[in-house]
Amino acid sequence: MHEREQGQLNEIESRVKDLPLREPSQLLDERIASMLSNAAQPSQVNRPSRWAMTAQLAALIALIAAVGIVLVFQLSEPSPSHGPVVNADPLSADGPVATGGQGNRLGPSMINANNAITPVNMIWSRDLTEEELSAPSGALYRAVVREVVDQQTWHNPETGTTLQINVPRHELVVISLPTY
Amino acid sequence: MNHWLEHIYREHRRGLFALAMSVVHEAATAEDAVHEAFARLIKLPGPPDGDAGAYVYRAVRNAAIDQIRKRGSRAEQVVVAESIFVTPSDEDPAVRAESQEMKLMLMKLIDDLPDAEREVIVLRSLAGLSFKEVADVVDRPVSTIASRYRKALDTVKRQMEAAHART
């Protein structure tokens, strides 16, 4: 290649390097920071041995099956005004224990005072699609399909077991836009 | 645990975003691609062997391509391509300096390059990667990358000369 031609290409390359690149938004910075920060947290949880977790998981499955059988049996009978409450440690090898009292529609695994349960937290969301809609009245709306991941953490301080459930879902968000 | 990812994002956020933009042509989709790439990378136990930066760029590129595939599977929609550059605010053309005009022309020519050539320009000239790193990102031989790069600069040069000849 001629030196002159190479020199011209070098000059263009130099100009290109000086062009102002578009910056990502602050929102992206926050999303990445949040994700990296959340990812650091699970490493702080003390995990029991694999065999202990397997045994406890098997016990949990057996408990759920047992509760299912109990509920089917109760539904087939006339229910009293105050049905028994099934209150059990879901990680225990023992079956559910009826404690009596007022009717409670919560599942047995979520109401034992020994287990600390966190509220459902939305840990992640992103907007998939977005479009503007207009109603016959002329009102404008922005419709956003959002992908969300909910997380609930359930911890048994006695055994040190932590169960974390992530549930993805989609939601449609319709936002009214101002019209002038 | 993810300090290496934090460090890479801090150092290369503009380059990563520019790469995604050069693939998907839309800022919002490009940001989704960067986010998706990091969501995948976070699952790694630690930094990969070899060049971690090139690895991350490659992950962003793959995520951007996935975004295009997703876009294609939905109903037909018109995508208005956005520039990978910050365009200067509009001024009276009579007052705008010649250097500004040159910059705008250069930006436009690069935005209009074929995808494969623009991608190499973004990675080499704008993100500062070596030819070897660019080759790792796009999974092509170094000689192919060098050839594409030179062809891209040559295209830009000829179009600028043609534009000057017309004025």
# chains A, B, ... in the order shown; residues from 1 in each chain; ligands from 1

call {"tool": "select_by_dssp", "arguments": {"residues": "stretch 22-135 of chain B", "states": "alpha helix (DSSP H)", "output": "PyMOL selection string"}}
result
chain B and resi 22-24+27-41+52-73+98-111+115-121+131-135

call {"tool": "residues_around", "arguments": {"residues": "A:Ala143", "least_positions_apart": "4", "cutoff": "8 Å", "atoms": "only C-alpha atoms", "output": "count of residues only"}}
result
8

call {"tool": "closest_atom_pairs", "arguments": {"of": "chain B", "to": "chain A", "cutoff": "6 Å", "atoms": "only C-alpha atoms", "output": "CSV"}}
result
residue,atom,partner,partner_atom,distance
B:Arg14,CA,A:Glu23,CA,5.7
B:Ile84,CA,A:Arg22,CA,5.6
B:Phe85,CA,A:Leu21,CA,4.4
B:Val86,CA,A:Arg22,CA,4.8
B:Ser125,CA,A:Lys17,CA,5.3
B:Leu126,CA,A:Lys17,CA,5.5

call {"tool": "write_last_selection", "arguments": {"atoms": "N, CA, C and O atoms", "output": "PDB file, in the first residue's frame"}}
result
ATOM      1  N   ARG B  14     -18.979   1.829  28.208  1.00  0.00           N
ATOM      2  CA  ARG B  14     -19.326   2.470  26.939  1.00  0.00           C
ATOM      3  C   ARG B  14     -19.061   1.555  25.751  1.00  0.00           C
ATOM      4  O   ARG B  14     -19.848   1.479  24.824  1.00  0.00           O
ATOM      5  N   ILE B  84     -24.764   5.100  17.276  1.00  0.00           N
ATOM      6  CA  ILE B  84     -23.956   4.682  18.425  1.00  0.00           C
ATOM      7  C   ILE B  84     -23.199   5.868  19.021  1.00  0.00           C
ATOM      8  O   ILE B  84     -22.533   5.721  20.042  1.00  0.00           O
ATOM      9  N   PHE B  85     -23.339   7.032  18.362  1.00  0.00           N
ATOM     10  CA  PHE B  85     -22.614   8.216  18.812  1.00  0.00           C
ATOM     11  C   PHE B  85     -23.545   9.227  19.449  1.00  0.00           C
ATOM     12  O   PHE B  85     -24.753   9.206  19.222  1.00  0.00           O
ATOM     13  N   VAL B  86     -22.953  10.150  20.185  1.00  0.00           N
ATOM     14  CA  VAL B  86     -23.685  11.298  20.696  1.00  0.00           C
ATOM     15  C   VAL B  86     -23.625  12.354  19.605  1.00  0.00           C
ATOM     16  O   VAL B  86     -22.529  12.794  19.224  1.00  0.00           O
ATOM     17  N   SER B 125     -11.361   0.487  17.213  1.00  0.00           N
ATOM     18  CA  SER B 125     -11.063   1.922  17.357  1.00  0.00           C
ATOM     19  C   SER B 125     -11.740   2.552  18.552  1.00  0.00           C
ATOM     20  O   SER B 125     -11.185   3.439  19.190  1.00  0.00           O
ATOM     21  N   LEU B 126     -12.959   2.135  18.844  1.00  0.00           N
ATOM     22  CA  LEU B 126     -13.726   2.830  19.877  1.00  0.00           C
ATOM     23  C   LEU B 126     -13.621   2.151  21.235  1.00  0.00           C
ATOM     24  O   LEU B 126     -13.546   2.825  22.255  1.00  0.00           O
TER      25      LEU B 126
END

call {"tool": "residues_around", "arguments": {"residues": "B:Arg118", "least_positions_apart": "6", "cutoff": "8 Å", "atoms": "only C-alpha atoms", "output": "JSON, numbers by chain"}}
result
{"B": [22, 110, 111, 152]}

call {"tool": "residues_around", "arguments": {"residues": "B:Trp4", "least_positions_apart": "4", "cutoff": "9 Å", "atoms": "only C-alpha atoms", "output": "PyMOL selection string"}}
result
chain B and resi 8-9+46-47+52

call {"tool": "atom_distance", "arguments": {"atom1": "atom CA of B:Asn62", "atom2": "atom CA of B:Arg40"}}
result
10.9 Å

call {"tool": "residues_around", "arguments": {"residues": "A:Ile165", "least_positions_apart": "6", "cutoff": "7 Å", "atoms": "only C-alpha atoms", "output": "PDB file with N, CA and C atoms, in the first residue's frame"}}
result
ATOM      1  N   GLN A 151     -38.988 -13.366  44.661  1.00  0.00           N
ATOM      2  CA  GLN A 151     -38.190 -14.284  45.473  1.00  0.00           C
ATOM      3  C   GLN A 151     -38.708 -14.299  46.898  1.00  0.00           C
ATOM      4  N   GLN A 152     -38.882 -15.498  47.425  1.00  0.00           N
ATOM      5  CA  GLN A 152     -39.225 -15.610  48.838  1.00  0.00           C
ATOM      6  C   GLN A 152     -38.200 -16.524  49.499  1.00  0.00           C
ATOM      7  N   THR A 153     -37.718 -16.095  50.630  1.00  0.00           N
ATOM      8  CA  THR A 153     -36.693 -16.851  51.351  1.00  0.00           C
ATOM      9  C   THR A 153     -37.288 -17.362  52.645  1.00  0.00           C
TER      10      THR A 153
END

call {"tool": "closest_residue", "arguments": {"among": "B:Asp51, B:Glu82, B:Asp32, B:Glu161", "to": "B:Gln67", "atoms": "only C-alpha atoms"}}
result
B:Asp32

call {"tool": "residues_around", "arguments": {"residues": "B:Glu36", "least_positions_apart": "3", "cutoff": "9 Å", "atoms": "only C-alpha atoms", "output": "MDAnalysis selection string"}}
result
chainID B and resid 31:33 39:41 59:60 63:64

call {"tool": "closest_residue", "arguments": {"among": "B:Ile42, B:Val80, B:Val34, B:Leu153", "to": "B:Gly15", "atoms": "only C-alpha atoms"}}
result
B:Val34

call {"tool": "residues_around", "arguments": {"residues": "B:Met105", "least_positions_apart": "5", "cutoff": "10 Å", "atoms": "only C-alpha atoms", "output": "list of chain:residue names"}}
result
B:Ser99, B:Gln100, B:Ile110, B:Asp111, B:Val156, B:Gln159, B:Met160, B:Ala163

call {"tool": "closest_residue", "arguments": {"among": "B:Phe38, B:Gly50, B:His12, B:Ala135", "to": "A:Ser34", "atoms": "only C-alpha atoms"}}
result
B:Phe38

call {"tool": "decode", "arguments": {"residues": "stretch 16-45 of chain A", "atoms": "N, CA, C and O atoms", "output": "PDB file, in the first residue's frame"}}
result
ATOM      1  N   VAL A  16     -11.663   8.689  14.043  1.00  0.00           N
ATOM      2  CA  VAL A  16     -12.705   7.780  14.533  1.00  0.00           C
ATOM      3  C   VAL A  16     -12.554   7.580  16.037  1.00  0.00           C
ATOM      4  O   VAL A  16     -13.536   7.571  16.784  1.00  0.00           O
ATOM      5  N   LYS A  17     -11.306   7.452  16.487  1.00  0.00           N
ATOM      6  CA  LYS A  17     -11.073   7.203  17.919  1.00  0.00           C
ATOM      7  C   LYS A  17     -11.542   8.367  18.787  1.00  0.00           C
ATOM      8  O   LYS A  17     -11.841   8.183  19.961  1.00  0.00           O
ATOM      9  N   ASP A  18     -11.621   9.553  18.194  1.00  0.00           N
ATOM     10  CA  ASP A  18     -12.032  10.739  18.947  1.00  0.00           C
ATOM     11  C   ASP A  18     -13.539  10.971  18.929  1.00  0.00           C
ATOM     12  O   ASP A  18     -14.026  11.904  19.569  1.00  0.00           O
ATOM     13  N   LEU A  19     -14.277  10.157  18.188  1.00  0.00           N
ATOM     14  CA  LEU A  19     -15.721  10.381  18.104  1.00  0.00           C
ATOM     15  C   LEU A  19     -16.385  10.084  19.447  1.00  0.00           C
ATOM     16  O   LEU A  19     -15.987   9.135  20.128  1.00  0.00           O
ATOM     17  N   PRO A  20     -17.413  10.877  19.816  1.00  0.00           N
ATOM     18  CA  PRO A  20     -18.045  10.687  21.128  1.00  0.00           C
ATOM     19  C   PRO A  20     -19.041   9.534  21.118  1.00  0.00           C
ATOM     20  O   PRO A  20     -20.079   9.607  20.472  1.00  0.00           O
ATOM     21  N   LEU A  21     -18.701   8.482  21.844  1.00  0.00           N
ATOM     22  CA  LEU A  21     -19.600   7.338  21.931  1.00  0.00           C
ATOM     23  C   LEU A  21     -20.782   7.661  22.848  1.00  0.00           C
ATOM     24  O   LEU A  21     -20.631   8.369  23.837  1.00  0.00           O
ATOM     25  N   ARG A  22     -21.907   7.103  22.493  1.00  0.00           N
ATOM     26  CA  ARG A  22     -23.083   7.285  23.324  1.00  0.00           C
ATOM     27  C   ARG A  22     -22.893   6.550  24.653  1.00  0.00           C
ATOM     28  O   ARG A  22     -22.357   5.446  24.681  1.00  0.00           O
ATOM     29  N   GLU A  23     -23.346   7.173  25.723  1.00  0.00           N
ATOM     30  CA  GLU A  23     -23.238   6.565  27.056  1.00  0.00           C
ATOM     31  C   GLU A  23     -24.474   5.711  27.332  1.00  0.00           C
ATOM     32  O   GLU A  23     -25.590   6.084  26.969  1.00  0.00           O
ATOM     33  N   PRO A  24     -24.286   4.583  28.036  1.00  0.00           N
ATOM     34  CA  PRO A  24     -25.480   3.881  28.506  1.00  0.00           C
ATOM     35  C   PRO A  24     -26.152   4.721  29.588  1.00  0.00           C
ATOM     36  O   PRO A  24     -25.526   5.602  30.180  1.00  0.00           O
ATOM     37  N   SER A  25     -27.418   4.423  29.846  1.00  0.00           N
ATOM     38  CA  SER A  25     -28.168   5.233  30.806  1.00  0.00           C
ATOM     39  C   SER A  25     -27.767   4.879  32.238  1.00  0.00           C
ATOM     40  O   SER A  25     -27.181   3.815  32.496  1.00  0.00           O
ATOM     41  N   GLN A  26     -28.124   5.770  33.158  1.00  0.00           N
ATOM     42  CA  GLN A  26     -27.862   5.510  34.572  1.00  0.00           C
ATOM     43  C   GLN A  26     -28.652   4.294  35.042  1.00  0.00           C
ATOM     44  O   GLN A  26     -28.221   3.546  35.928  1.00  0.00           O
ATOM     45  N   LEU A  27     -29.818   4.093  34.401  1.00  0.00           N
ATOM     46  CA  LEU A  27     -30.647   2.944  34.773  1.00  0.00           C
ATOM     47  C   LEU A  27     -29.892   1.633  34.558  1.00  0.00           C
ATOM     48  O   LEU A  27     -29.951   0.718  35.389  1.00  0.00           O
ATOM     49  N   LEU A  28     -29.156   1.545  33.449  1.00  0.00           N
ATOM     50  CA  LEU A  28     -28.395   0.321  33.208  1.00  0.00           C
ATOM     51  C   LEU A  28     -27.319   0.146  34.270  1.00  0.00           C
ATOM     52  O   LEU A  28     -27.104  -0.958  34.779  1.00  0.00           O
ATOM     53  N   ASP A  29     -26.663   1.236  34.623  1.00  0.00           N
ATOM     54  CA  ASP A  29     -25.634   1.157  35.665  1.00  0.00           C
ATOM     55  C   ASP A  29     -26.247   0.625  36.961  1.00  0.00           C
ATOM     56  O   ASP A  29     -25.655  -0.218  37.647  1.00  0.00           O
ATOM     57  N   GLU A  30     -27.453   1.117  37.280  1.00  0.00           N
ATOM     58  CA  GLU A  30     -28.107   0.690  38.522  1.00  0.00           C
ATOM     59  C   GLU A  30     -28.528  -0.774  38.437  1.00  0.00           C
ATOM     60  O   GLU A  30     -28.407  -1.529  39.410  1.00  0.00           O
ATOM     61  N   ARG A  31     -29.006  -1.179  37.278  1.00  0.00           N
ATOM     62  CA  ARG A  31     -29.424  -2.582  37.110  1.00  0.00           C
ATOM     63  C   ARG A  31     -28.232  -3.523  37.280  1.00  0.00           C
ATOM     64  O   ARG A  31     -28.323  -4.557  37.948  1.00  0.00           O
ATOM     65  N   ILE A  32     -27.130  -3.172  36.688  1.00  0.00           N
ATOM     66  CA  ILE A  32     -25.937  -4.018  36.782  1.00  0.00           C
ATOM     67  C   ILE A  32     -25.433  -4.040  38.225  1.00  0.00           C
ATOM     68  O   ILE A  32     -25.102  -5.099  38.771  1.00  0.00           O
ATOM     69  N   ALA A  33     -25.378  -2.851  38.847  1.00  0.00           N
ATOM     70  CA  ALA A  33     -24.886  -2.768  40.230  1.00  0.00           C
ATOM     71  C   ALA A  33     -25.767  -3.591  41.163  1.00  0.00           C
ATOM     72  O   ALA A  33     -25.274  -4.314  42.037  1.00  0.00           O
ATOM     73  N   SER A  34     -27.078  -3.481  40.956  1.00  0.00           N
ATOM     74  CA  SER A  34     -28.016  -4.223  41.797  1.00  0.00           C
ATOM     75  C   SER A  34     -27.837  -5.724  41.609  1.00  0.00           C
ATOM     76  O   SER A  34     -27.830  -6.502  42.564  1.00  0.00           O
ATOM     77  N   MET A  35     -27.668  -6.145  40.379  1.00  0.00           N
ATOM     78  CA  MET A  35     -27.502  -7.562  40.093  1.00  0.00           C
ATOM     79  C   MET A  35     -26.224  -8.095  40.721  1.00  0.00           C
ATOM     80  O   MET A  35     -26.216  -9.159  41.327  1.00  0.00           O
ATOM     81  N   LEU A  36     -25.134  -7.345  40.595  1.00  0.00           N
ATOM     82  CA  LEU A  36     -23.862  -7.793  41.150  1.00  0.00           C
ATOM     83  C   LEU A  36     -23.934  -7.826  42.673  1.00  0.00           C
ATOM     84  O   LEU A  36     -23.376  -8.704  43.316  1.00  0.00           O
ATOM     85  N   SER A  37     -24.650  -6.856  43.241  1.00  0.00           N
ATOM     86  CA  SER A  37     -24.788  -6.796  44.687  1.00  0.00           C
ATOM     87  C   SER A  37     -25.621  -7.956  45.206  1.00  0.00           C
ATOM     88  O   SER A  37     -25.274  -8.608  46.189  1.00  0.00           O
ATOM     89  N   ASN A  38     -26.733  -8.271  44.530  1.00  0.00           N
ATOM     90  CA  ASN A  38     -27.589  -9.388  44.942  1.00  0.00           C
ATOM     91  C   ASN A  38     -26.864 -10.707  44.802  1.00  0.00           C
ATOM     92  O   ASN A  38     -27.034 -11.622  45.603  1.00  0.00           O
ATOM     93  N   ALA A  39     -26.042 -10.824  43.796  1.00  0.00           N
ATOM     94  CA  ALA A  39     -25.333 -12.080  43.551  1.00  0.00           C
ATOM     95  C   ALA A  39     -24.328 -12.347  44.642  1.00  0.00           C
ATOM     96  O   ALA A  39     -24.013 -13.493  44.941  1.00  0.00           O
ATOM     97  N   ALA A  40     -23.847 -11.303  45.307  1.00  0.00           N
ATOM     98  CA  ALA A  40     -22.859 -11.479  46.369  1.00  0.00           C
ATOM     99  C   ALA A  40     -23.491 -12.028  47.622  1.00  0.00           C
ATOM    100  O   ALA A  40     -22.835 -12.662  48.431  1.00  0.00           O
ATOM    101  N   GLN A  41     -24.841 -11.850  47.814  1.00  0.00           N
ATOM    102  CA  GLN A  41     -25.467 -12.223  49.070  1.00  0.00           C
ATOM    103  C   GLN A  41     -25.555 -13.707  49.325  1.00  0.00           C
ATOM    104  O   GLN A  41     -25.288 -14.162  50.414  1.00  0.00           O
ATOM    105  N   PRO A  42     -25.917 -14.545  48.358  1.00  0.00           N
ATOM    106  CA  PRO A  42     -26.078 -15.963  48.667  1.00  0.00           C
ATOM    107  C   PRO A  42     -24.819 -16.590  49.235  1.00  0.00           C
ATOM    108  O   PRO A  42     -24.877 -17.518  50.000  1.00  0.00           O
ATOM    109  N   SER A  43     -23.633 -16.055  48.925  1.00  0.00           N
ATOM    110  CA  SER A  43     -22.412 -16.677  49.429  1.00  0.00           C
ATOM    111  C   SER A  43     -22.302 -16.528  50.931  1.00  0.00           C
ATOM    112  O   SER A  43     -21.500 -17.175  51.569  1.00  0.00           O
ATOM    113  N   GLN A  44     -23.129 -15.609  51.529  1.00  0.00           N
ATOM    114  CA  GLN A  44     -23.038 -15.406  52.966  1.00  0.00           C
ATOM    115  C   GLN A  44     -23.919 -16.369  53.753  1.00  0.00           C
ATOM    116  O   GLN A  44     -23.885 -16.412  54.961  1.00  0.00           O
ATOM    117  N   VAL A  45     -24.773 -17.123  53.031  1.00  0.00           N
ATOM    118  CA  VAL A  45     -25.689 -18.043  53.717  1.00  0.00           C
ATOM    119  C   VAL A  45     -24.946 -19.320  54.079  1.00  0.00           C
ATOM    120  O   VAL A  45     -24.210 -19.873  53.273  1.00  0.00           O
TER     121      VAL A  45
END
